[in-house]
Amino acid sequence: MSSAKRERGFKLTLSRAGAPHTARKALICGISGQDGAYLAKLLLDKGYEVHGTSRDAQMCAFSSLRALGALSMVKLHSMAMNDFRSVLQVMAKVQPEEVYNLAGQSSVGLSFEQPVETLESVSIGTLNLLEAIRFLERPVKFYNAGSSECFGNTAGSPADEDTPFRPRSPYAVAKATAFWEVANYREAYNLFACTGILFNHESPLRPERFVTQKVIQAAVRIADGSEEKLHLGDLSIARDWGWAPEYVEAMWLMLQQPSPTDYVIATGEANTLQQFVEKVFESVGRDWRRYVVSDRSLLRPTDILVSCGNPGKAANDMGWRAKSKMAQVIAKILESTRNSEYFENTTGRKVTA
C-alpha cells in the first residue's frame with residue numbers, strides 16, 4: 001500500500017472515531033498524592049487512558065484527584081510497592097506504555113522518625129517496578145521521581161545533573177538509592193528509564209505537614225480572625241520553590257525524548273523560609289512577626305541550608321522552563337485556598353478571608 005493510501009486510511013479512521021483506536025496507557029504509581037493527581041489530569045487532557053495505584057485503592061479517599069475532577073476518569077488498582085508479585089500482577093494486567101513512579105514516603109521530616117519504612121517504600125518499590133518491566137519484556141518508558149534532597153548542601157551553588165549527591169536525611173538516602181537503581185537498569189538492560197531530580201514544587205494539594213502549606217493555611221486562618229501562633233524551625237534555610245502543575249509537565253516531556261536521560265527540574269531561584277513567610281503574611285495583610293514563633297524542637301537532626309537547581313539542560317533539550325517563581329506560587333495557592341468550593345472539598349472548612 002502506498003504512503004498516500006495509508007495516510008488517507010488513517011485520516012478516515014480519525015474522522016469516524018474522532019480519535020485513534022487505542023489511547024496510550026499510563027500507570028501512575030502513587031496517584032493519590034499532589035504530583036500524581038496533577039499528572040493524571042495532564043495525561044487525561046492529552047487523551048491517555050490513565051491507571052493509578054494505591055496500597056488499598058478501595059479505602060483511599062483520593063481527595064486530590066477528586067478536587068481536580070479527575071477521579072471518575074481514572075482506573076484504580078491496589079498495589080503494594082514492596083511486594084514484587086503485587087507489582088508484577090498490576091503491570092501485566094494494565095500493560096502500560098508509560099509508568100510514572102511517584103510512590104513512597106515523601107516527607108523529609110517524617111523520614112527521620114520512620115527511616116526503615118522510608119528506605120523500603122522508595123528503594124524497594126522502585127526496584128520492583130524496574131524488575132517487572134525487565135521481566136515482562138515490553139517497551140515501557142519509565143519515569144522515576146527523584147529529589148533535590150539528594151544533593152545536600154552545595155555551598156549555595158545551583159545543582160545540575162553533574163553535581164555529586166551528599167544526602168542529609170533518610171529520605172534523601174532512599175531517593176539517591178532509587179536514582180542509581182534506575183541508572184543501573186538503564187545501562188544494564190537498555191530500559192527507557194530516567195529520573196527527574198525535582199526541586200520543591202508546591203500547590204493547594206500539598207498536605208499541611210509540608211511547611212509551605214503550614215505557613216499559608218495558618219496565615220489564612222489568622223487573617224480570618226484566629227489568634228494562633230505559627231511555630232517554625234530554621235527561618236534562614238533557602239529553597240527553590242516552583243509550581244507543581246508545571247513540574248508534572250516536565251515528567252511527561254522526559255518520556256517523550258528520543259533517549260532516556262536524567263533532568264534537574266527547578267526554577268533556578270532560591271528564597272529563604274523567612275522571605276516565604278513574609279510574602280504570605282503580606283499577601284493576607286498581617287505582620288508575620290506578631291504570629292511566628294521560632295521553635296527549636298522543630299529543627300531536624302541534619303538539614304540543607306540552601307537548595308537551588310540549575311534547569312538549563314531541561315530548557316535546552318525539552319524547552320521546559322518554570323513560569324512560576326515563589327511569589328506567583330504563593331499567589332496561586334492563596335487564590336485556591338480562598339475558593340470556598342476547593343477548600344471545603346479538601347479540608348471541610350470554609351474560608352471567607
# chains A, B, ... in the order shown; residues from 1 in each chain; ligands from 1
$ residues_around --residues "Phe192 of chain A" --least-positions-apart "2" --cutoff "8 Å" --atoms "only C-alpha atoms" --output "MDAnalysis selection string"
chainID A and resid 140:142 186 190 194 259:260
$ write_last_selection --atoms "N, CA, C and O atoms" --output "short mmCIF file (atom, residue, chain, number, x, y, z; two decimals), in the first residue's frame"
data_model
loop_
_atom_site.label_atom_id
_atom_site.label_comp_id
_atom_site.auth_asym_id
_atom_site.auth_seq_id
_atom_site.Cartn_x
_atom_site.Cartn_y
_atom_site.Cartn_z
N VAL A 140 8.35 -0.37 27.64
CA VAL A 140 7.77 0.56 28.61
C VAL A 140 8.74 1.70 28.88
O VAL A 140 9.94 1.48 29.07
N LYS A 141 8.21 2.91 28.88
CA LYS A 141 9.02 4.07 29.28
C LYS A 141 8.75 4.36 30.76
O LYS A 141 7.58 4.46 31.18
N PHE A 142 9.83 4.51 31.52
CA PHE A 142 9.71 4.58 32.99
C PHE A 142 10.26 5.91 33.51
O PHE A 142 11.40 6.29 33.21
N ARG A 186 18.96 1.15 33.34
CA ARG A 186 19.05 1.80 32.02
C ARG A 186 20.29 1.32 31.27
O ARG A 186 20.23 1.01 30.08
N ASN A 190 19.18 -1.76 29.01
CA ASN A 190 18.74 -0.89 27.92
C ASN A 190 17.27 -0.47 28.07
O ASN A 190 16.53 -0.37 27.08
N CYS A 194 14.35 6.92 33.33
CA CYS A 194 15.01 8.17 33.69
C CYS A 194 14.46 8.70 35.01
O CYS A 194 13.37 8.31 35.46
N SER A 259 15.76 9.59 23.69
CA SER A 259 16.52 8.65 24.51
C SER A 259 16.40 9.06 25.97
O SER A 259 16.20 10.24 26.28
N PRO A 260 16.51 8.09 26.88
CA PRO A 260 16.30 8.39 28.30
C PRO A 260 17.52 9.05 28.94
O PRO A 260 18.66 8.62 28.73
#
$ closest_atom_pairs --of "segment 153-268 of chain A" --to "segment 102-108 of chain A" --cutoff "10 Å" --atoms "only C-alpha atoms" --output "Markdown table"
| residue | atom | partner | partner_atom | distance |
| --- | --- | --- | --- | --- |
| A:Arg168 | CA | A:Val108 | CA | 9.7 |
| A:Ser169 | CA | A:Val108 | CA | 6.8 |
| A:Pro170 | CA | A:Val108 | CA | 7.5 |
| A:Tyr171 | CA | A:Val108 | CA | 5.4 |
| A:Ala172 | CA | A:Val108 | CA | 7.6 |
| A:Ala174 | CA | A:Gln105 | CA | 9.6 |
| A:Lys175 | CA | A:Gly104 | CA | 9.7 |
| A:Arg209 | CA | A:Ser107 | CA | 8.1 |
| A:Phe210 | CA | A:Ser107 | CA | 7.6 |
$ select_by_dssp --residues "segment 81-264 of chain A" --states "strand (DSSP E or B)" --output "ChimeraX atom specification"
/A:98-101,141-145,159,192-198,201-202,230-232,238-239,242-243,263-264
$ write_last_selection --atoms "N, CA and C atoms" --output "compact mmCIF listing (two decimals), in the first residue's frame"
# COMPACT_ATOMS: atom_id res chain seq x y z
N GLU A 98 3.65 3.79 29.44
CA GLU A 98 4.43 4.69 30.29
C GLU A 98 4.11 4.40 31.75
N VAL A 99 5.15 4.38 32.58
CA VAL A 99 4.98 4.17 34.01
C VAL A 99 5.64 5.34 34.74
N TYR A 100 4.90 5.93 35.66
CA TYR A 100 5.40 7.05 36.46
C TYR A 100 5.46 6.61 37.92
N ASN A 101 6.66 6.56 38.46
CA ASN A 101 6.85 6.12 39.84
C ASN A 101 6.90 7.32 40.78
N LYS A 141 8.21 2.91 28.88
CA LYS A 141 9.02 4.07 29.28
C LYS A 141 8.75 4.36 30.76
N PHE A 142 9.83 4.51 31.52
CA PHE A 142 9.71 4.58 32.99
C PHE A 142 10.26 5.91 33.51
N TYR A 143 9.41 6.61 34.26
CA TYR A 143 9.83 7.84 34.94
C TYR A 143 9.92 7.59 36.43
N ASN A 144 11.02 8.02 37.03
CA ASN A 144 11.21 7.90 38.48
C ASN A 144 11.30 9.28 39.11
N ALA A 145 10.55 9.48 40.18
CA ALA A 145 10.56 10.76 40.89
C ALA A 145 11.77 10.84 41.80
N ALA A 159 22.53 23.35 41.76
CA ALA A 159 22.90 21.98 41.41
C ALA A 159 22.39 21.63 40.02
N PHE A 192 14.21 2.16 28.81
CA PHE A 192 13.96 3.60 28.74
C PHE A 192 13.52 4.03 30.14
N ALA A 193 14.49 4.38 30.95
CA ALA A 193 14.24 4.71 32.35
C ALA A 193 15.01 5.98 32.72
N CYS A 194 14.35 6.92 33.33
CA CYS A 194 15.01 8.17 33.69
C CYS A 194 14.46 8.70 35.01
N THR A 195 15.22 9.59 35.61
CA THR A 195 14.83 10.21 36.88
C THR A 195 14.74 11.71 36.71
N GLY A 196 13.66 12.28 37.19
CA GLY A 196 13.54 13.73 37.28
C GLY A 196 13.95 14.16 38.68
N ILE A 197 15.02 14.94 38.75
CA ILE A 197 15.51 15.41 40.06
C ILE A 197 14.80 16.74 40.34
N LEU A 198 13.65 16.63 40.97
CA LEU A 198 12.79 17.79 41.15
C LEU A 198 13.10 18.53 42.44
N HIS A 201 8.30 21.79 44.82
CA HIS A 201 7.21 22.27 43.97
C HIS A 201 5.91 22.13 44.76
N GLU A 202 5.14 23.20 44.77
CA GLU A 202 4.01 23.32 45.68
C GLU A 202 2.70 23.54 44.93
N LEU A 230 2.21 30.61 64.85
CA LEU A 230 2.76 29.68 63.86
C LEU A 230 4.18 29.30 64.30
N HIS A 231 4.37 28.03 64.65
CA HIS A 231 5.66 27.55 65.11
C HIS A 231 6.45 26.99 63.92
N LEU A 232 7.65 27.54 63.72
CA LEU A 232 8.51 27.12 62.62
C LEU A 232 9.93 26.87 63.13
N ALA A 238 17.03 28.16 52.74
CA ALA A 238 16.55 28.66 51.45
C ALA A 238 16.20 27.50 50.54
N ARG A 239 15.12 27.65 49.81
CA ARG A 239 14.65 26.61 48.91
C ARG A 239 14.25 27.20 47.56
N GLY A 242 8.82 25.93 43.23
CA GLY A 242 8.11 26.04 41.95
C GLY A 242 6.66 25.61 42.08
N TRP A 243 5.99 25.57 40.92
CA TRP A 243 4.56 25.29 40.85
C TRP A 243 4.35 23.87 40.33
N TYR A 263 17.09 14.58 34.43
CA TYR A 263 16.99 16.04 34.35
C TYR A 263 16.76 16.65 35.72
N VAL A 264 17.40 17.79 35.96
CA VAL A 264 17.08 18.65 37.10
C VAL A 264 15.93 19.55 36.69
$ closest_residue --among "A:Asp224, A:Asp234, A:Glu149, A:Asp162" --to "Ser307 of chain A" --atoms "only C-alpha atoms"
A:Glu149
$ residues_around --residues "Met79 of chain A" --least-positions-apart "2" --cutoff "10 Å" --atoms "only C-alpha atoms" --output "list of chain:residue names"
A:Cys29, A:Gly30, A:Gly52, A:Thr53, A:Ser54, A:Arg55, A:Asp56, A:Ala57, A:Leu76, A:His77, A:Met81, A:Asn82, A:Asp83, A:Phe84, A:Arg85, A:Ser86, A:Val87, A:Leu88, A:Gln89, A:Val90, A:Met91
$ residues_around --residues "Ala315 of chain A" --least-positions-apart "3" --cutoff "12 Å" --atoms "only C-alpha atoms" --output "PyMOL selection string"
chain A and resi 250+253-254+263-268+310-312+318-323
$ atom_distance --atom1 "atom CA of Thr126 of chain A" --atom2 "atom CA of Leu110 of chain A"
19.6 Å
$ select_by_dssp --residues "segment 68-100 of chain A" --states "alpha helix (DSSP H)" --output "VMD selection string"
chain A and resid 84 to 94
$ residues_around --residues "Ala244 of chain A" --least-positions-apart "4" --cutoff "9 Å" --atoms "only C-alpha atoms" --output "MDAnalysis selection string"
chainID A and resid 34:35 38 200:203 248:249
$ write_last_selection --atoms "N, CA and C atoms" --output "PDB file, in the first residue's frame"
ATOM      1  N   GLN A  34      -0.083  14.781  45.570  1.00  0.00           N
ATOM      2  CA  GLN A  34      -0.138  16.015  44.792  1.00  0.00           C
ATOM      3  C   GLN A  34       0.285  15.796  43.338  1.00  0.00           C
ATOM      4  N   ASP A  35       1.487  15.273  43.144  1.00  0.00           N
ATOM      5  CA  ASP A  35       2.019  15.112  41.790  1.00  0.00           C
ATOM      6  C   ASP A  35       1.217  14.096  40.992  1.00  0.00           C
ATOM      7  N   TYR A  38      -2.058  15.807  39.708  1.00  0.00           N
ATOM      8  CA  TYR A  38      -1.829  16.755  38.610  1.00  0.00           C
ATOM      9  C   TYR A  38      -1.357  16.040  37.343  1.00  0.00           C
ATOM     10  N   ASN A 200      11.788  21.660  45.139  1.00  0.00           N
ATOM     11  CA  ASN A 200      10.499  21.850  45.816  1.00  0.00           C
ATOM     12  C   ASN A 200       9.451  22.418  44.855  1.00  0.00           C
ATOM     13  N   HIS A 201       8.300  21.793  44.824  1.00  0.00           N
ATOM     14  CA  HIS A 201       7.206  22.269  43.974  1.00  0.00           C
ATOM     15  C   HIS A 201       5.906  22.127  44.761  1.00  0.00           C
ATOM     16  N   GLU A 202       5.141  23.204  44.765  1.00  0.00           N
ATOM     17  CA  GLU A 202       4.012  23.324  45.684  1.00  0.00           C
ATOM     18  C   GLU A 202       2.705  23.535  44.930  1.00  0.00           C
ATOM     19  N   SER A 203       1.604  23.376  45.676  1.00  0.00           N
ATOM     20  CA  SER A 203       0.267  23.603  45.130  1.00  0.00           C
ATOM     21  C   SER A 203      -0.730  23.556  46.284  1.00  0.00           C
ATOM     22  N   VAL A 248       4.906  18.537  36.679  1.00  0.00           N
ATOM     23  CA  VAL A 248       4.443  17.255  36.134  1.00  0.00           C
ATOM     24  C   VAL A 248       4.500  17.268  34.611  1.00  0.00           C
ATOM     25  N   GLU A 249       4.399  18.438  34.005  1.00  0.00           N
ATOM     26  CA  GLU A 249       4.581  18.518  32.551  1.00  0.00           C
ATOM     27  C   GLU A 249       6.004  18.124  32.173  1.00  0.00           C
TER      28      GLU A 249
END
$ atom_distance --atom1 "atom CA of Tyr189 of chain A" --atom2 "atom CA of Ile124 of chain A"
18.1 Å
$ atom_distance --atom1 "atom CA of Lys313 of chain A" --atom2 "atom CA of Ala183 of chain A"
17.6 Å
$ closest_residue --among "A:Ser336, A:Ser32, A:Gln58, A:Ser123" --to "Gln217 of chain A" --atoms "only C-alpha atoms"
A:Ser336
$ residues_around --residues "Ile216 of chain A" --least-positions-apart "5" --cutoff "12 Å" --atoms "only C-alpha atoms" --output "PyMOL selection string"
chain A and resi 202-204+206-211+221-223+230+276-284+288+329-338
$ write_last_selection --atoms "N, CA and C atoms" --output "JSON list (two decimals), in the first residue's frame"
[["chain", "number", "residue", "atom", "x", "y", "z"],
["A", 202, "GLU", "N", 5.14, 23.20, 44.77],
["A", 202, "GLU", "CA", 4.01, 23.32, 45.68],
["A", 202, "GLU", "C", 2.70, 23.54, 44.93],
["A", 203, "SER", "N", 1.60, 23.38, 45.68],
["A", 203, "SER", "CA", 0.27, 23.60, 45.13],
["A", 203, "SER", "C", -0.73, 23.56, 46.28],
["A", 204, "PRO", "N", -2.01, 23.86, 46.01],
["A", 204, "PRO", "CA", -3.02, 23.72, 47.08],
["A", 204, "PRO", "C", -3.23, 22.29, 47.53],
["A", 206, "ARG", "N", -0.95, 20.18, 48.47],
["A", 206, "ARG", "CA", 0.00, 19.77, 49.49],
["A", 206, "ARG", "C", -0.71, 19.59, 50.84],
["A", 207, "PRO", "N", -0.42, 18.52, 51.57],
["A", 207, "PRO", "CA", -0.94, 18.41, 52.94],
["A", 207, "PRO", "C", -0.21, 19.38, 53.86],
["A", 208, "GLU", "N", -0.80, 19.66, 55.00],
["A", 208, "GLU", "CA", -0.27, 20.71, 55.87],
["A", 208, "GLU", "C", 1.01, 20.30, 56.60],
["A", 209, "ARG", "N", 1.46, 19.04, 56.45],
["A", 209, "ARG", "CA", 2.74, 18.68, 57.06],
["A", 209, "ARG", "C", 3.91, 19.29, 56.29],
["A", 210, "PHE", "N", 3.66, 19.76, 55.06],
["A", 210, "PHE", "CA", 4.69, 20.47, 54.31],
["A", 210, "PHE", "C", 4.68, 21.93, 54.73],
["A", 211, "VAL", "N", 5.86, 22.50, 54.91],
["A", 211, "VAL", "CA", 5.98, 23.81, 55.54],
["A", 211, "VAL", "C", 5.26, 24.90, 54.75],
["A", 221, "ARG", "N", -5.95, 31.44, 58.26],
["A", 221, "ARG", "CA", -6.77, 31.37, 59.48],
["A", 221, "ARG", "C", -6.58, 32.62, 60.34],
["A", 222, "ILE", "N", -5.36, 33.10, 60.43],
["A", 222, "ILE", "CA", -5.08, 34.32, 61.20],
["A", 222, "ILE", "C", -5.80, 35.52, 60.59],
["A", 223, "ALA", "N", -5.76, 35.61, 59.24],
["A", 223, "ALA", "CA", -6.48, 36.70, 58.56],
["A", 223, "ALA", "C", -7.98, 36.57, 58.76],
["A", 230, "LEU", "N", 2.21, 30.61, 64.85],
["A", 230, "LEU", "CA", 2.76, 29.68, 63.86],
["A", 230, "LEU", "C", 4.18, 29.30, 64.30],
["A", 276, "PHE", "N", 9.64, 33.63, 52.38],
["A", 276, "PHE", "CA", 8.37, 32.98, 52.05],
["A", 276, "PHE", "C", 7.29, 33.41, 53.04],
["A", 277, "VAL", "N", 7.62, 33.34, 54.33],
["A", 277, "VAL", "CA", 6.66, 33.72, 55.38],
["A", 277, "VAL", "C", 6.25, 35.19, 55.24],
["A", 278, "GLU", "N", 7.22, 36.06, 55.03],
["A", 278, "GLU", "CA", 6.94, 37.50, 54.87],
["A", 278, "GLU", "C", 5.96, 37.74, 53.73],
["A", 279, "LYS", "N", 6.20, 37.07, 52.61],
["A", 279, "LYS", "CA", 5.36, 37.29, 51.43],
["A", 279, "LYS", "C", 3.94, 36.78, 51.67],
["A", 280, "VAL", "N", 3.81, 35.64, 52.33],
["A", 280, "VAL", "CA", 2.49, 35.09, 52.61],
["A", 280, "VAL", "C", 1.69, 36.02, 53.52],
["A", 281, "PHE", "N", 2.31, 36.44, 54.61],
["A", 281, "PHE", "CA", 1.59, 37.30, 55.56],
["A", 281, "PHE", "C", 1.31, 38.68, 54.98],
["A", 282, "GLU", "N", 2.22, 39.18, 54.17],
["A", 282, "GLU", "CA", 1.97, 40.44, 53.47],
["A", 282, "GLU", "C", 0.76, 40.32, 52.56],
["A", 283, "SER", "N", 0.61, 39.15, 51.93],
["A", 283, "SER", "CA", -0.50, 38.93, 51.00],
["A", 283, "SER", "C", -1.85, 38.89, 51.70],
["A", 284, "VAL", "N", -1.87, 38.52, 52.98],
["A", 284, "VAL", "CA", -3.14, 38.48, 53.72],
["A", 284, "VAL", "C", -3.29, 39.68, 54.64],
["A", 288, "TRP", "N", 3.89, 39.31, 59.96],
["A", 288, "TRP", "CA", 4.29, 37.95, 60.33],
["A", 288, "TRP", "C", 4.98, 37.88, 61.68],
["A", 329, "VAL", "N", 3.77, 31.38, 43.02],
["A", 329, "VAL", "CA", 3.29, 30.15, 43.66],
["A", 329, "VAL", "C", 2.41, 30.50, 44.87],
["A", 330, "ILE", "N", 2.88, 31.43, 45.68],
["A", 330, "ILE", "CA", 2.11, 31.85, 46.86],
["A", 330, "ILE", "C", 0.75, 32.41, 46.44],
["A", 331, "ALA", "N", 0.76, 33.27, 45.42],
["A", 331, "ALA", "CA", -0.49, 33.89, 44.97],
["A", 331, "ALA", "C", -1.48, 32.85, 44.48],
["A", 332, "LYS", "N", -0.99, 31.83, 43.76],
["A", 332, "LYS", "CA", -1.88, 30.81, 43.23],
["A", 332, "LYS", "C", -2.47, 29.94, 44.33],
["A", 333, "ILE", "N", -1.65, 29.60, 45.32],
["A", 333, "ILE", "CA", -2.17, 28.77, 46.42],
["A", 333, "ILE", "C", -3.19, 29.56, 47.24],
["A", 334, "LEU", "N", -2.90, 30.83, 47.50],
["A", 334, "LEU", "CA", -3.84, 31.65, 48.25],
["A", 334, "LEU", "C", -5.16, 31.81, 47.50],
["A", 335, "GLU", "N", -5.08, 31.98, 46.19],
["A", 335, "GLU", "CA", -6.29, 32.11, 45.39],
["A", 335, "GLU", "C", -7.15, 30.86, 45.50],
["A", 336, "SER", "N", -6.52, 29.69, 45.42],
["A", 336, "SER", "CA", -7.26, 28.44, 45.53],
["A", 336, "SER", "C", -7.80, 28.23, 46.93],
["A", 337, "THR", "N", -7.01, 28.61, 47.93],
["A", 337, "THR", "CA", -7.43, 28.46, 49.32],
["A", 337, "THR", "C", -8.67, 29.30, 49.61],
["A", 338, "ARG", "N", -8.73, 30.48, 49.02],
["A", 338, "ARG", "CA", -9.87, 31.36, 49.25],
["A", 338, "ARG", "C", -11.09, 30.95, 48.44]]
